[in-house]
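final_39.pdb (PDB, C-alpha atoms) appears below.
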```pdb
ATOM      1  CA  MET A   1      -0.234  -6.567   1.511  1.00  0.00           C
ATOM      2  CA  ALA A   2      -1.089  -5.394  -2.014  1.00  0.00           C
ATOM      3  CA  THR A   3      -1.372  -8.119  -4.613  1.00  0.00           C
ATOM      4  CA  ALA A   4       1.314  -8.431  -7.308  1.00  0.00           C
ATOM      5  CA  ILE A   5      -0.253  -9.387 -10.629  1.00  0.00           C
ATOM      6  CA  ALA A   6       1.381 -10.733 -13.804  1.00  0.00           C
ATOM      7  CA  PRO A   7       0.458  -8.249 -16.552  1.00  0.00           C
ATOM      8  CA  THR A   8       0.448  -7.786 -20.326  1.00  0.00           C
ATOM      9  CA  TYR A   9       1.936  -4.425 -21.311  1.00  0.00           C
ATOM     10  CA  ASP A  10       1.093  -2.081 -24.190  1.00  0.00           C
ATOM     11  CA  PHE A  11       4.713  -1.424 -25.126  1.00  0.00           C
ATOM     12  CA  ASP A  12       3.845   0.681 -28.192  1.00  0.00           C
ATOM     13  CA  LYS A  13       2.106   3.301 -26.046  1.00  0.00           C
ATOM     14  CA  ALA A  14       4.898   3.082 -23.486  1.00  0.00           C
ATOM     15  CA  VAL A  15       7.526   3.893 -26.116  1.00  0.00           C
ATOM     16  CA  VAL A  16       5.512   6.857 -27.401  1.00  0.00           C
ATOM     17  CA  ALA A  17       5.168   8.230 -23.852  1.00  0.00           C
ATOM     18  CA  LEU A  18       8.882   7.749 -23.145  1.00  0.00           C
ATOM     19  CA  GLN A  19       9.820   9.479 -26.387  1.00  0.00           C
ATOM     20  CA  ALA A  20       7.685  12.438 -25.363  1.00  0.00           C
ATOM     21  CA  ASP A  21       9.208  12.544 -21.863  1.00  0.00           C
ATOM     22  CA  THR A  22      12.319  10.460 -21.235  1.00  0.00           C
ATOM     23  CA  GLY A  23      12.083  11.233 -17.511  1.00  0.00           C
ATOM     24  CA  THR A  24       8.736   9.450 -17.123  1.00  0.00           C
ATOM     25  CA  ASN A  25       8.639   6.977 -14.250  1.00  0.00           C
ATOM     26  CA  LEU A  26       8.832   3.616 -16.014  1.00  0.00           C
ATOM     27  CA  GLY A  27       7.103   1.603 -13.300  1.00  0.00           C
ATOM     28  CA  ALA A  28       4.117   3.936 -13.068  1.00  0.00           C
ATOM     29  CA  LEU A  29       3.854   4.223 -16.854  1.00  0.00           C
ATOM     30  CA  LEU A  30       3.864   0.459 -17.412  1.00  0.00           C
ATOM     31  CA  ALA A  31       1.291  -0.049 -14.656  1.00  0.00           C
ATOM     32  CA  GLU A  32      -0.986   2.454 -16.386  1.00  0.00           C
ATOM     33  CA  LEU A  33      -0.618   0.594 -19.691  1.00  0.00           C
ATOM     34  CA  ALA A  34      -0.894  -2.920 -18.271  1.00  0.00           C
ATOM     35  CA  THR A  35      -3.718  -5.385 -18.702  1.00  0.00           C
ATOM     36  CA  THR A  36      -3.947  -7.608 -15.652  1.00  0.00           C
ATOM     37  CA  PRO A  37      -6.091 -10.545 -14.594  1.00  0.00           C
ATOM     38  CA  ASP A  38      -7.939  -9.817 -11.378  1.00  0.00           C
ATOM     39  CA  PRO A  39      -7.990 -12.659  -8.856  1.00  0.00           C
ATOM     40  CA  LYS A  40     -11.320 -12.392  -7.066  1.00  0.00           C
ATOM     41  CA  VAL A  41     -11.251 -12.462  -3.316  1.00  0.00           C
ATOM     42  CA  ARG A  42     -14.248 -13.477  -1.247  1.00  0.00           C
ATOM     43  CA  LYS A  43     -15.324 -10.164   0.224  1.00  0.00           C
ATOM     44  CA  GLY A  44     -15.243  -9.845   3.984  1.00  0.00           C
ATOM     45  CA  ALA A  45     -13.553 -13.207   4.499  1.00  0.00           C
ATOM     46  CA  ASP A  46     -10.851 -11.694   6.701  1.00  0.00           C
ATOM     47  CA  ILE A  47     -12.898  -9.132   8.636  1.00  0.00           C
ATOM     48  CA  ALA A  48     -12.447  -9.821  12.315  1.00  0.00           C
ATOM     49  CA  THR A  49     -15.476 -10.296  14.528  1.00  0.00           C
ATOM     50  CA  VAL A  50     -16.203  -7.142  16.468  1.00  0.00           C
ATOM     51  CA  GLU A  51     -15.557  -7.615  20.175  1.00  0.00           C
ATOM     52  CA  ARG A  52     -17.465  -5.845  22.901  1.00  0.00           C
ATOM     53  CA  VAL A  53     -15.546  -3.277  24.873  1.00  0.00           C
ATOM     54  CA  GLY A  54     -14.563  -5.067  28.069  1.00  0.00           C
ATOM     55  CA  GLU A  55     -14.472  -3.902  31.640  1.00  0.00           C
ATOM     56  CA  THR A  56     -10.654  -3.847  31.608  1.00  0.00           C
ATOM     57  CA  LEU A  57     -10.561  -1.402  28.696  1.00  0.00           C
ATOM     58  CA  MET A  58     -13.194   0.846  30.259  1.00  0.00           C
ATOM     59  CA  ARG A  59     -11.253   0.920  33.507  1.00  0.00           C
ATOM     60  CA  ASN A  60      -8.059   1.891  31.670  1.00  0.00           C
ATOM     61  CA  ILE A  61      -9.878   4.667  29.813  1.00  0.00           C
ATOM     62  CA  ALA A  62     -11.414   5.969  33.032  1.00  0.00           C
ATOM     63  CA  GLU A  63      -8.108   5.872  34.931  1.00  0.00           C
ATOM     64  CA  LEU A  64      -5.891   7.308  32.184  1.00  0.00           C
ATOM     65  CA  PRO A  65      -6.567  10.993  33.041  1.00  0.00           C
ATOM     66  CA  THR A  66      -5.580  10.337  36.668  1.00  0.00           C
ATOM     67  CA  VAL A  67      -2.156   8.922  35.746  1.00  0.00           C
ATOM     68  CA  PHE A  68      -1.435  10.933  32.599  1.00  0.00           C
ATOM     69  CA  ASN A  69       1.639  13.199  32.457  1.00  0.00           C
ATOM     70  CA  ARG A  70       2.456  12.984  36.178  1.00  0.00           C
ATOM     71  CA  VAL A  71       6.182  12.533  35.456  1.00  0.00           C
ATOM     72  CA  ASP A  72       7.656  15.102  33.052  1.00  0.00           C
ATOM     73  CA  PRO A  73      11.182  16.205  34.064  1.00  0.00           C
ATOM     74  CA  THR A  74      12.331  19.605  32.816  1.00  0.00           C
ATOM     75  CA  THR A  75      16.004  18.535  32.856  1.00  0.00           C
ATOM     76  CA  LYS A  76      17.913  15.400  31.902  1.00  0.00           C
ATOM     77  CA  ARG A  77      18.243  13.308  35.065  1.00  0.00           C
ATOM     78  CA  ALA A  78      17.808   9.858  36.563  1.00  0.00           C
ATOM     79  CA  LEU A  79      14.332   8.926  37.761  1.00  0.00           C
ATOM     80  CA  ASN A  80      13.535   7.848  41.294  1.00  0.00           C
ATOM     81  CA  LYS A  81      11.578   4.719  42.233  1.00  0.00           C
ATOM     82  CA  THR A  82       8.295   6.574  42.628  1.00  0.00           C
ATOM     83  CA  GLU A  83       8.617   8.185  39.209  1.00  0.00           C
ATOM     84  CA  LEU A  84       9.418   4.851  37.551  1.00  0.00           C
ATOM     85  CA  ALA A  85       6.345   3.301  39.181  1.00  0.00           C
ATOM     86  CA  LYS A  86       4.175   6.181  37.968  1.00  0.00           C
ATOM     87  CA  LEU A  87       5.511   5.851  34.412  1.00  0.00           C
ATOM     88  CA  LEU A  88       4.788   2.125  34.495  1.00  0.00           C
ATOM     89  CA  GLU A  89       1.220   2.803  35.559  1.00  0.00           C
ATOM     90  CA  GLU A  90       0.775   5.444  32.853  1.00  0.00           C
ATOM     91  CA  LYS A  91       2.318   3.367  30.063  1.00  0.00           C
ATOM     92  CA  GLU A  92       0.264   0.264  30.902  1.00  0.00           C
ATOM     93  CA  ARG A  93      -2.938   2.249  30.520  1.00  0.00           C
ATOM     94  CA  ILE A  94      -1.814   4.033  27.346  1.00  0.00           C
ATOM     95  CA  ASP A  95      -0.763   0.717  25.764  1.00  0.00           C
ATOM     96  CA  ALA A  96      -4.095  -0.919  26.614  1.00  0.00           C
ATOM     97  CA  VAL A  97      -6.146   1.974  25.254  1.00  0.00           C
ATOM     98  CA  GLU A  98      -3.959   2.388  22.173  1.00  0.00           C
ATOM     99  CA  LYS A  99      -4.242  -1.285  21.203  1.00  0.00           C
ATOM    100  CA  ALA A 100      -8.035  -1.262  21.496  1.00  0.00           C
ATOM    101  CA  THR A 101      -8.509   2.048  19.672  1.00  0.00           C
ATOM    102  CA  LYS A 102      -6.207   0.952  16.839  1.00  0.00           C
ATOM    103  CA  LYS A 103      -8.232  -2.230  16.388  1.00  0.00           C
ATOM    104  CA  ARG A 104     -11.482  -0.253  16.410  1.00  0.00           C
ATOM    105  CA  LYS A 105     -10.088   2.259  13.903  1.00  0.00           C
ATOM    106  CA  GLU A 106      -9.227  -0.587  11.524  1.00  0.00           C
ATOM    107  CA  ARG A 107     -12.758  -1.945  11.919  1.00  0.00           C
ATOM    108  CA  ILE A 108     -14.265   1.502  11.222  1.00  0.00           C
ATOM    109  CA  HIS A 109     -12.230   1.691   8.021  1.00  0.00           C
ATOM    110  CA  ALA A 110     -13.460  -1.774   6.975  1.00  0.00           C
ATOM    111  CA  ILE A 111     -17.084  -0.763   7.641  1.00  0.00           C
ATOM    112  CA  LEU A 112     -16.678   2.439   5.616  1.00  0.00           C
ATOM    113  CA  SER A 113     -14.995   0.593   2.763  1.00  0.00           C
ATOM    114  CA  ASP A 114     -17.928  -1.848   2.683  1.00  0.00           C
ATOM    115  CA  HIS A 115     -20.196   1.223   2.519  1.00  0.00           C
ATOM    116  CA  PHE A 116     -18.295   2.624  -0.459  1.00  0.00           C
ATOM    117  CA  ASP A 117     -18.501  -0.784  -2.175  1.00  0.00           C
ATOM    118  CA  VAL A 118     -22.277  -0.956  -1.742  1.00  0.00           C
ATOM    119  CA  ILE A 119     -22.730   2.607  -3.034  1.00  0.00           C
ATOM    120  CA  ALA A 120     -20.592   1.772  -6.069  1.00  0.00           C
ATOM    121  CA  GLU A 121     -22.747  -1.298  -6.741  1.00  0.00           C
ATOM    122  CA  ARG A 122     -25.984   0.703  -6.404  1.00  0.00           C
ATOM    123  CA  GLN A 123     -24.677   3.334  -8.818  1.00  0.00           C
ATOM    124  CA  LYS A 124     -23.579   0.573 -11.240  1.00  0.00           C
ATOM    125  CA  LEU A 125     -20.005   1.826 -11.213  1.00  0.00           C
ATOM    126  CA  VAL A 126     -18.603  -1.696 -10.907  1.00  0.00           C
ATOM    127  CA  SER A 127     -18.928  -5.063 -12.604  1.00  0.00           C
ATOM    128  CA  GLU A 128     -17.496  -8.557 -12.244  1.00  0.00           C
ATOM    129  CA  ASP A 129     -14.381  -7.312 -14.037  1.00  0.00           C
ATOM    130  CA  THR A 130     -13.734  -4.422 -11.645  1.00  0.00           C
ATOM    131  CA  PRO A 131     -10.383  -4.989  -9.890  1.00  0.00           C
ATOM    132  CA  THR A 132     -10.336  -5.445  -6.120  1.00  0.00           C
ATOM    133  CA  ASP A 133      -7.671  -5.278  -3.450  1.00  0.00           C
ATOM    134  CA  ASP A 134      -6.578  -8.217  -1.309  1.00  0.00           C
ATOM    135  CA  LYS A 135      -9.555  -7.641   1.014  1.00  0.00           C
ATOM    136  CA  GLY A 136     -12.078  -7.693  -1.815  1.00  0.00           C
ATOM    137  CA  HIS A 137     -12.774  -3.938  -1.910  1.00  0.00           C
ATOM    138  CA  TYR A 138     -13.248  -2.255  -5.274  1.00  0.00           C
ATOM    139  CA  LEU A 139     -10.305  -0.347  -6.719  1.00  0.00           C
ATOM    140  CA  ILE A 140     -12.279   2.351  -8.524  1.00  0.00           C
ATOM    141  CA  ALA A 141     -10.792   5.406  -6.842  1.00  0.00           C
ATOM    142  CA  ALA A 142      -7.837   6.952  -8.642  1.00  0.00           C
ATOM    143  CA  LYS A 143      -5.044   9.175  -7.453  1.00  0.00           C
ATOM    144  CA  GLY A 144      -6.518  12.665  -7.239  1.00  0.00           C
ATOM    145  CA  ALA A 145     -10.055  11.313  -7.740  1.00  0.00           C
ATOM    146  CA  PRO A 146     -11.236   9.794  -4.445  1.00  0.00           C
ATOM    147  CA  GLU A 147     -14.662   8.427  -3.627  1.00  0.00           C
ATOM    148  CA  THR A 148     -16.450  10.757  -1.209  1.00  0.00           C
ATOM    149  CA  GLN A 149     -19.276  10.480   1.307  1.00  0.00           C
ATOM    150  CA  SER A 150     -20.807  13.554   2.902  1.00  0.00           C
ATOM    151  CA  ILE A 151     -21.939  13.510   6.548  1.00  0.00           C
ATOM    152  CA  ALA A 152     -25.280  15.063   7.445  1.00  0.00           C
ATOM    153  CA  GLY A 153     -24.944  18.129   9.670  1.00  0.00           C
ATOM    154  CA  SER A 154     -21.197  18.431   9.135  1.00  0.00           C
ATOM    155  CA  ASP A 155     -18.856  20.083   6.645  1.00  0.00           C
ATOM    156  CA  ARG A 156     -16.517  17.116   7.018  1.00  0.00           C
ATOM    157  CA  TYR A 157     -16.696  14.051   4.801  1.00  0.00           C
ATOM    158  CA  PHE A 158     -15.206  10.576   4.395  1.00  0.00           C
ATOM    159  CA  THR A 159     -13.085   9.639   1.413  1.00  0.00           C
ATOM    160  CA  ARG A 160     -11.767   6.377   0.043  1.00  0.00           C
ATOM    161  CA  GLU A 161      -8.511   7.156  -1.685  1.00  0.00           C
ATOM    162  CA  ARG A 162      -6.073   5.064  -3.678  1.00  0.00           C
ATOM    163  CA  THR A 163      -2.382   5.384  -4.356  1.00  0.00           C
ATOM    164  CA  SER A 164      -1.157   4.914  -7.916  1.00  0.00           C
ATOM    165  CA  ASP A 165      -0.519   1.470  -9.315  1.00  0.00           C
ATOM    166  CA  THR A 166       3.101   0.762 -10.192  1.00  0.00           C
ATOM    167  CA  THR A 167       5.123  -1.954 -11.872  1.00  0.00           C
ATOM    168  CA  VAL A 168       7.853  -3.585  -9.798  1.00  0.00           C
ATOM    169  CA  PHE A 169      10.743  -5.519 -11.290  1.00  0.00           C
ATOM    170  CA  SER A 170      11.989  -8.580  -9.424  1.00  0.00           C
ATOM    171  CA  TYR A 171      15.737  -9.023  -9.253  1.00  0.00           C
ATOM    172  CA  GLN A 172      15.244 -12.468  -7.728  1.00  0.00           C
ATOM    173  CA  THR A 173      13.123 -13.521 -10.727  1.00  0.00           C
ATOM    174  CA  LEU A 174      15.740 -12.153 -13.100  1.00  0.00           C
ATOM    175  CA  LEU A 175      18.516 -14.012 -11.276  1.00  0.00           C
ATOM    176  CA  ALA A 176      16.519 -17.250 -11.301  1.00  0.00           C
ATOM    177  CA  LEU A 177      15.951 -16.902 -15.053  1.00  0.00           C
ATOM    178  CA  TYR A 178      19.665 -16.323 -15.585  1.00  0.00           C
ATOM    179  CA  GLU A 179      20.698 -19.259 -13.406  1.00  0.00           C
ATOM    180  CA  ALA A 180      18.199 -21.477 -15.257  1.00  0.00           C
ATOM    181  CA  ARG A 181      19.777 -20.248 -18.541  1.00  0.00           C
ATOM    182  CA  GLU A 182      16.466 -18.892 -19.769  1.00  0.00           C
ATOM    183  CA  ILE A 183      18.157 -15.538 -20.366  1.00  0.00           C
ATOM    184  CA  SER A 184      21.763 -14.777 -21.282  1.00  0.00           C
ATOM    185  CA  ARG A 185      24.411 -13.084 -19.164  1.00  0.00           C
ATOM    186  CA  ALA A 186      24.148 -10.142 -21.560  1.00  0.00           C
ATOM    187  CA  ASP A 187      20.415  -9.899 -20.752  1.00  0.00           C
ATOM    188  CA  TYR A 188      21.186 -10.102 -17.030  1.00  0.00           C
ATOM    189  CA  LEU A 189      23.757  -7.307 -17.225  1.00  0.00           C
ATOM    190  CA  ALA A 190      21.650  -5.210 -19.599  1.00  0.00           C
ATOM    191  CA  CYS A 191      19.020  -4.344 -16.994  1.00  0.00           C
ATOM    192  CA  THR A 192      20.989  -4.380 -13.726  1.00  0.00           C
ATOM    193  CA  ARG A 193      23.682  -2.334 -12.039  1.00  0.00           C
ATOM    194  CA  PRO A 194      26.205  -3.311  -9.386  1.00  0.00           C
ATOM    195  CA  VAL A 195      25.618  -2.091  -5.845  1.00  0.00           C
ATOM    196  CA  ARG A 196      26.699  -4.503  -3.108  1.00  0.00           C
ATOM    197  CA  THR A 197      25.296  -7.145  -5.373  1.00  0.00           C
ATOM    198  CA  ARG A 198      23.388  -6.285  -8.543  1.00  0.00           C
ATOM    199  CA  GLU A 199      19.944  -4.682  -8.682  1.00  0.00           C
ATOM    200  CA  ILE A 200      17.385  -3.763 -11.343  1.00  0.00           C
ATOM    201  CA  ASP A 201      18.272  -0.548 -13.181  1.00  0.00           C
ATOM    202  CA  GLU A 202      15.071   1.049 -14.531  1.00  0.00           C
ATOM    203  CA  ASP A 203      17.085   3.648 -16.465  1.00  0.00           C
ATOM    204  CA  LYS A 204      18.648   0.840 -18.496  1.00  0.00           C
ATOM    205  CA  LEU A 205      15.237  -0.673 -19.176  1.00  0.00           C
ATOM    206  CA  ARG A 206      13.938   2.742 -20.238  1.00  0.00           C
ATOM    207  CA  ARG A 207      16.860   3.262 -22.653  1.00  0.00           C
ATOM    208  CA  MET A 208      16.395  -0.223 -24.082  1.00  0.00           C
ATOM    209  CA  LEU A 209      12.714   0.492 -24.784  1.00  0.00           C
ATOM    210  CA  LEU A 210      13.677   3.678 -26.594  1.00  0.00           C
ATOM    211  CA  SER A 211      16.141   1.791 -28.818  1.00  0.00           C
ATOM    212  CA  LYS A 212      14.552   0.154 -31.888  1.00  0.00           C
ATOM    213  CA  LYS A 213      17.317  -2.438 -31.871  1.00  0.00           C
ATOM    214  CA  LEU A 214      17.025  -3.336 -28.186  1.00  0.00           C
ATOM    215  CA  ARG A 215      13.254  -2.840 -27.798  1.00  0.00           C
ATOM    216  CA  PRO A 216      12.261  -6.505 -28.367  1.00  0.00           C
ATOM    217  CA  ARG A 217      14.838  -7.558 -25.798  1.00  0.00           C
ATOM    218  CA  ALA A 218      13.524  -5.020 -23.267  1.00  0.00           C
ATOM    219  CA  GLN A 219       9.922  -6.098 -23.830  1.00  0.00           C
ATOM    220  CA  ARG A 220      10.849  -9.729 -23.277  1.00  0.00           C
ATOM    221  CA  LEU A 221      12.733  -9.012 -20.055  1.00  0.00           C
ATOM    222  CA  ILE A 222      10.074  -6.665 -18.660  1.00  0.00           C
ATOM    223  CA  SER A 223       7.356  -9.223 -19.351  1.00  0.00           C
ATOM    224  CA  MET A 224       9.360 -11.855 -17.479  1.00  0.00           C
ATOM    225  CA  ILE A 225      10.317  -9.867 -14.379  1.00  0.00           C
ATOM    226  CA  GLY A 226       7.661  -7.131 -14.074  1.00  0.00           C
ATOM    227  CA  THR A 227       4.492  -7.371 -11.996  1.00  0.00           C
ATOM    228  CA  VAL A 228       1.845  -4.737 -11.305  1.00  0.00           C
ATOM    229  CA  LYS A 229       1.425  -3.727  -7.689  1.00  0.00           C
ATOM    230  CA  ARG A 230      -2.050  -2.340  -7.046  1.00  0.00           C
ATOM    231  CA  GLY A 231      -2.367   1.028  -5.362  1.00  0.00           C
ATOM    232  CA  ARG A 232      -3.501   0.811  -1.740  1.00  0.00           C
ATOM    233  CA  LEU A 233      -6.875   2.023  -0.488  1.00  0.00           C
ATOM    234  CA  SER A 234      -7.179   4.310   2.524  1.00  0.00           C
ATOM    235  CA  ILE A 235     -10.130   5.787   4.405  1.00  0.00           C
ATOM    236  CA  ASN A 236      -9.762   9.416   5.443  1.00  0.00           C
ATOM    237  CA  LEU A 237     -11.790  12.140   7.131  1.00  0.00           C
ATOM    238  CA  ARG A 238     -11.516  15.401   5.202  1.00  0.00           C
ATOM    239  CA  GLY A 239     -12.876  18.910   5.545  1.00  0.00           C
ATOM    240  CA  SER A 240     -12.394  21.642   8.134  1.00  0.00           C
ATOM    241  CA  LYS A 241     -12.631  20.759  11.815  1.00  0.00           C
TER
END
```
Take the structure from the file and write it as structure tokens.
Amino acid sequence: MATAIAPTYDFDKAVVALQADTGTNLGALLAELATTPDPKVRKGADIATVERVGETLMRNIAELPTVFNRVDPTTKRALNKTELAKLLEEKERIDAVEKATKKRKERIHAILSDHFDVIAERQKLVSEDTPTDDKGHYLIAAKGAPETQSIAGSDRYFTRERTSDTTVFSYQTLLALYEAREISRADYLACTRPVRTREIDEDKLRRMLLSKKLRPRAQRLISMIGTVKRGRLSINLRGSK
């Protein structure tokens, strides 16, 4: 799960950007203009120990082709006992193989992300202040600007990509502040809208920021209920097959 971080926002730049384009996504804009502390995570602390492929898995892999797709009705009908038994046999093997391959895929991604971290360190692209995700991997890729690693003898390559950071506004935090009388009912209503209950209304926050009169109020509320959610990292294989 991506870490939510309490930020400090550059509201002056945010207002200028909103004045230039009132349709700008407020959460993404504030995340871009936020200064956030970066809690350091001990790298590799949660990487699972790699297990050897067991005899049971190898047997399931070997037997899967012999049981695969034996039952495939061309019309909607009830299945007989033999067909149900065959589907059981097929599904048991698919489930076993799928679980193991998913775990291995996650491990491959962790290994590659460690690789990208080491390369970044060698190239002096990172420092102690470089932000990291909740697994301790460097967040230096940007949306549209991934890290890349070529593969010898292939026109395919690995990438480490990152989704955009965004700012999320907590209705529960807002409600708690209101119930504790740290903000007024007018403040509570100013940045929410009724649905089944009430929820944060980013359009209201945007309009408040654009109003000289209401701007201090908006800045105060945003600072109290907004947190930056880091973009997630992903490992991908790109290039033509």
Find the residues near A:Thr148: any atom within 10 Å, counting only C-alpha atoms, skip ones fewer than 4 places away on the same chain, and give them as a ChimeraX atom specification. /A:116,141,157-161,235-238
Non-local contacts of A:Leu87 (10 Å; all atoms listed in the file; under 6 positions in same chain excluded) as a PyMOL selection string: chain A and resi 67-72+79+81+93
Would you save the residues from that selection as a compact mmCIF listing (two decimals), keeping the file's coordinate frame, using C-alpha atoms?
```
# COMPACT_ATOMS: atom_id res chain seq x y z
CA VAL A 67 -2.16 8.92 35.75
CA PHE A 68 -1.44 10.93 32.60
CA ASN A 69 1.64 13.20 32.46
CA ARG A 70 2.46 12.98 36.18
CA VAL A 71 6.18 12.53 35.46
CA ASP A 72 7.66 15.10 33.05
CA LEU A 79 14.33 8.93 37.76
CA LYS A 81 11.58 4.72 42.23
CA ARG A 93 -2.94 2.25 30.52
```
May I have the residues within 10 Å of A:Ala218 as a ChimeraX atom specification, using all atoms listed in the file and disregarding those fewer than 2 positions away in the same chain? /A:11,187,190-191,204-211,213-216,220-224
Report as JSON lines: every residue of stretch 111-191 of chain A with an atom at most 8 Å from stretch 13-37 of chain A, its closest pair of atoms, and their distance in Å to one decimal, counting all atoms listed in the file, with rows sorted by chain and ascending residue number.
```
{"residue": "A:Ser164", "atom": "CA", "partner": "A:Ala28", "partner_atom": "CA", "distance": 7.4}
{"residue": "A:Asp165", "atom": "CA", "partner": "A:Ala31", "partner_atom": "CA", "distance": 5.8}
{"residue": "A:Thr166", "atom": "CA", "partner": "A:Ala28", "partner_atom": "CA", "distance": 4.4}
{"residue": "A:Thr167", "atom": "CA", "partner": "A:Gly27", "partner_atom": "CA", "distance": 4.3}
{"residue": "A:Val168", "atom": "CA", "partner": "A:Gly27", "partner_atom": "CA", "distance": 6.3}
```
Quick one: write out the picked residues with C-alpha atoms as a PDB file, in the frame of the given file?
```
ATOM      1  CA  SER A 164      -1.157   4.914  -7.916  1.00  0.00           C
ATOM      2  CA  ASP A 165      -0.519   1.470  -9.315  1.00  0.00           C
ATOM      3  CA  THR A 166       3.101   0.762 -10.192  1.00  0.00           C
ATOM      4  CA  THR A 167       5.123  -1.954 -11.872  1.00  0.00           C
ATOM      5  CA  VAL A 168       7.853  -3.585  -9.798  1.00  0.00           C
TER       6      VAL A 168
END
```
Edge lengths and centre, in Å to one decimal, as AutoDock Vina command-line options: that's what I need for the box along x, y and z that holds all listed atoms of stretch 189-202 of chain A plus 8 Å on each side.
```
--center_x 20.9 --center_y -3.1 --center_z -11.4 --size_x 27.6 --size_y 24.4 --size_z 32.5
```
Out of A:Gly226, A:Val118, A:Met58, A:Gly239, which residue has the shortest atom-to-atom distance to A:Ser154 when counting all atoms listed in the file? A:Gly239
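Minimum atom-to-atom distance to A:Ile119, evaluated using only C-alpha atoms, belongs to A:Glu147 out of A:Asp10, A:Glu147, A:Glu179, A:Glu63.
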For atom CA of A:Val97 and atom CA of A:Thr56, quote the distance in Å rounded to one decimal. 9.7 Å
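Compared by their closest atoms to A:Tyr188, and using all atoms listed in the file, the residues A:Ile94, A:Ile225, A:Ile140, A:Leu57 rank with A:Ile225 nearest.
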Name the closest residue to A:Asp117 among the candidates A:Leu174, A:Asp133, A:Ala96, A:Lys103; distances are taken between atoms, counting only C-alpha atoms. A:Asp133
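Between atom CA of A:Pro131 and atom CA of A:Lys229 there is a distance of 12.1 Å.
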For a test of reading the model, state the distance in Å between atom CA of A:Glu98 and atom CA of A:Leu64, rounded to one decimal. 11.3 Å
